[in-house]
file work00.json (JSON, C-alpha atoms)
[["chain", "number", "residue", "atom", "x", "y", "z"],
["P", 646, "MET", "CA", 3.32, 162.34, -9.22],
["P", 647, "THR", "CA", 1.41, 163.21, -12.37],
["P", 648, "ASP", "CA", 2.76, 161.95, -15.67],
["P", 649, "ARG", "CA", 3.78, 164.77, -17.99],
["P", 650, "ILE", "CA", 3.67, 164.90, -21.77],
["P", 651, "THR", "CA", 5.21, 167.34, -24.22],
["P", 652, "ILE", "CA", 3.11, 169.18, -26.77],
["P", 653, "THR", "CA", 3.86, 172.14, -29.02],
["P", 654, "VAL", "CA", 1.83, 175.34, -28.62],
["P", 655, "ASN", "CA", 2.35, 178.05, -31.23],
["P", 656, "GLY", "CA", 5.76, 176.61, -32.07],
["P", 657, "GLU", "CA", 7.02, 176.27, -28.47],
["P", 658, "ALA", "CA", 7.40, 173.03, -26.50],
["P", 659, "ARG", "CA", 5.22, 172.88, -23.40],
["P", 660, "ASN", "CA", 4.90, 170.20, -20.73],
["P", 661, "VAL", "CA", 1.37, 169.44, -19.53],
["P", 662, "ALA", "CA", -0.19, 166.79, -17.34],
["P", 663, "SER", "CA", -1.16, 163.58, -19.07],
["P", 664, "GLY", "CA", -4.94, 163.67, -19.56],
["P", 665, "ASP", "CA", -5.17, 167.47, -19.76],
["P", 666, "THR", "CA", -7.75, 168.80, -22.19],
["P", 667, "VAL", "CA", -7.75, 171.77, -24.54],
["P", 668, "ALA", "CA", -9.96, 173.61, -22.02],
["P", 669, "ARG", "CA", -7.50, 172.99, -19.15],
["P", 670, "LEU", "CA", -4.58, 174.14, -21.30],
["P", 671, "LEU", "CA", -6.38, 177.37, -22.19],
["P", 672, "ALA", "CA", -7.19, 177.98, -18.52],
["P", 673, "ALA", "CA", -3.53, 177.38, -17.55],
["P", 674, "ILE", "CA", -2.43, 179.90, -20.18],
["P", 675, "GLY", "CA", -5.08, 182.35, -18.98],
["P", 676, "LEU", "CA", -7.09, 182.55, -22.18],
["P", 677, "ASP", "CA", -10.87, 182.92, -22.38],
["P", 678, "THR", "CA", -12.28, 179.99, -24.37],
["P", 679, "ARG", "CA", -14.80, 182.36, -25.95],
["P", 680, "LYS", "CA", -12.04, 184.49, -27.48],
["P", 681, "VAL", "CA", -9.75, 181.91, -29.08],
["P", 682, "ALA", "CA", -9.62, 179.51, -31.98],
["P", 683, "VAL", "CA", -7.63, 176.30, -31.57],
["P", 684, "GLU", "CA", -6.10, 174.13, -34.26],
["P", 685, "ARG", "CA", -4.81, 170.71, -33.15],
["P", 686, "ASN", "CA", -2.66, 168.74, -35.56],
["P", 687, "GLU", "CA", -3.90, 170.88, -38.46],
["P", 688, "GLU", "CA", -7.60, 170.44, -37.62],
["P", 689, "ILE", "CA", -9.83, 173.06, -36.03],
["P", 690, "VAL", "CA", -11.16, 172.03, -32.62],
["P", 691, "PRO", "CA", -14.81, 173.08, -32.20],
["P", 692, "ARG", "CA", -15.20, 175.30, -29.14],
["P", 693, "SER", "CA", -18.09, 173.12, -27.95],
["P", 694, "ILE", "CA", -15.72, 170.18, -27.29],
["P", 695, "TYR", "CA", -12.65, 171.91, -25.77],
["P", 696, "ALA", "CA", -13.38, 170.19, -22.43],
["P", 697, "GLU", "CA", -13.60, 166.78, -24.11],
["P", 698, "VAL", "CA", -10.48, 166.84, -26.31],
["P", 699, "ALA", "CA", -7.61, 165.22, -24.41],
["P", 700, "LEU", "CA", -4.10, 166.28, -25.33],
["P", 701, "ALA", "CA", -1.62, 163.60, -26.42],
["P", 702, "ALA", "CA", 2.17, 163.56, -26.49],
["P", 703, "GLY", "CA", 3.42, 165.20, -29.66],
["P", 704, "ASP", "CA", 0.25, 167.20, -30.35],
["P", 705, "ARG", "CA", 0.85, 170.45, -32.21],
["P", 706, "LEU", "CA", -1.55, 173.25, -31.32],
["P", 707, "GLU", "CA", -1.94, 176.69, -32.80],
["P", 708, "ILE", "CA", -3.97, 179.09, -30.68],
["P", 709, "VAL", "CA", -5.26, 182.37, -32.06],
["P", 710, "HIS", "CA", -6.47, 184.90, -29.48],
["P", 711, "PHE", "CA", -8.98, 187.46, -30.68],
["P", 712, "ILE", "CA", -8.41, 190.97, -29.39],
["P", 713, "GLY", "CA", -10.96, 193.72, -29.87],
["P", 714, "GLY", "CA", -10.00, 197.27, -30.51],
["P", 715, "GLY", "CA", -11.09, 200.43, -32.09]]
call {"tool": "encode", "arguments": {"input": "work00.json", "output": "structure tokens"}}
result
Amino acid sequence: MTDRITITVNGEARNVASGDTVARLLAAIGLDTRKVAVERNEEIVPRSIYAEVALAAGDRLEIVHFIGGG
């Protein structure tokens, strides 16, 4: 069984697998990494390292999804 941790995403508690990364979280949510900005614990996460940034228990993430229109 995979260990689970609790993080907060846009103000809501979410359980994820221990060792998950920002990239895996975005994939699980169904968001395109090219169309979002992620803030983790009040610091912007550069898109180039989403796959390298491991989530930790208690992390607070804010995800902004860009939507085009016209």
call {"tool": "atom_distance", "arguments": {"input": "work00.json", "atom1": "atom CA of P:His710", "atom2": "atom CA of P:Thr647"}}
result
28.7 Å
call {"tool": "axis_aligned_box", "arguments": {"input": "work00.json", "around": "stretch 695-708 of chain P", "padding_each_side": "4 Å", "output": "lines of an AutoDock Vina configuration file"}}
result
center_x = -5.1
center_y = 171.3
center_z = -27.6
size_x = 25.0
size_y = 23.5
size_z = 18.4
call {"tool": "closest_residue", "arguments": {"input": "work00.json", "among": "P:Ala682, P:Val654, P:Ile694, P:Ala673", "to": "P:Leu706", "atoms": "only C-alpha atoms"}}
result
P:Val654
call {"tool": "residues_around", "arguments": {"input": "work00.json", "residues": "P:Ala702", "least_positions_apart": "6", "cutoff": "6 Å", "atoms": "all atoms listed in the file", "output": "compact mmCIF listing (two decimals) with C-alpha atoms, keeping the file's coordinate frame"}}
result
# COMPACT_ATOMS: atom_id res chain seq x y z
CA ILE P 650 3.67 164.90 -21.77
CA THR P 651 5.21 167.34 -24.22
CA ILE P 652 3.11 169.18 -26.77
call {"tool": "closest_residue", "arguments": {"input": "work00.json", "among": "P:Thr678, P:Arg692, P:Ala701, P:Ile712", "to": "P:Thr653", "atoms": "all atoms listed in the file"}}
result
P:Ala701
call {"tool": "atom_distance", "arguments": {"input": "work00.json", "atom1": "atom CA of P:Gly703", "atom2": "atom CA of P:Arg685"}}
result
10.5 Å
call {"tool": "closest_residue", "arguments": {"input": "work00.json", "among": "P:Glu684, P:Asp677, P:Asp648, P:Ile689", "to": "P:Ser663", "atoms": "only C-alpha atoms"}}
result
P:Asp648
call {"tool": "residues_around", "arguments": {"input": "work00.json", "residues": "stretch 655-657 of chain P", "least_positions_apart": "5", "cutoff": "8 Å", "atoms": "all atoms listed in the file", "output": "VMD selection string"}}
result
chain P and resid 705 to 708
call {"tool": "closest_residue", "arguments": {"input": "work00.json", "among": "P:Val667, P:Ala699, P:Ala658, P:Gly713", "to": "P:Val683", "atoms": "all atoms listed in the file"}}
result
P:Val667
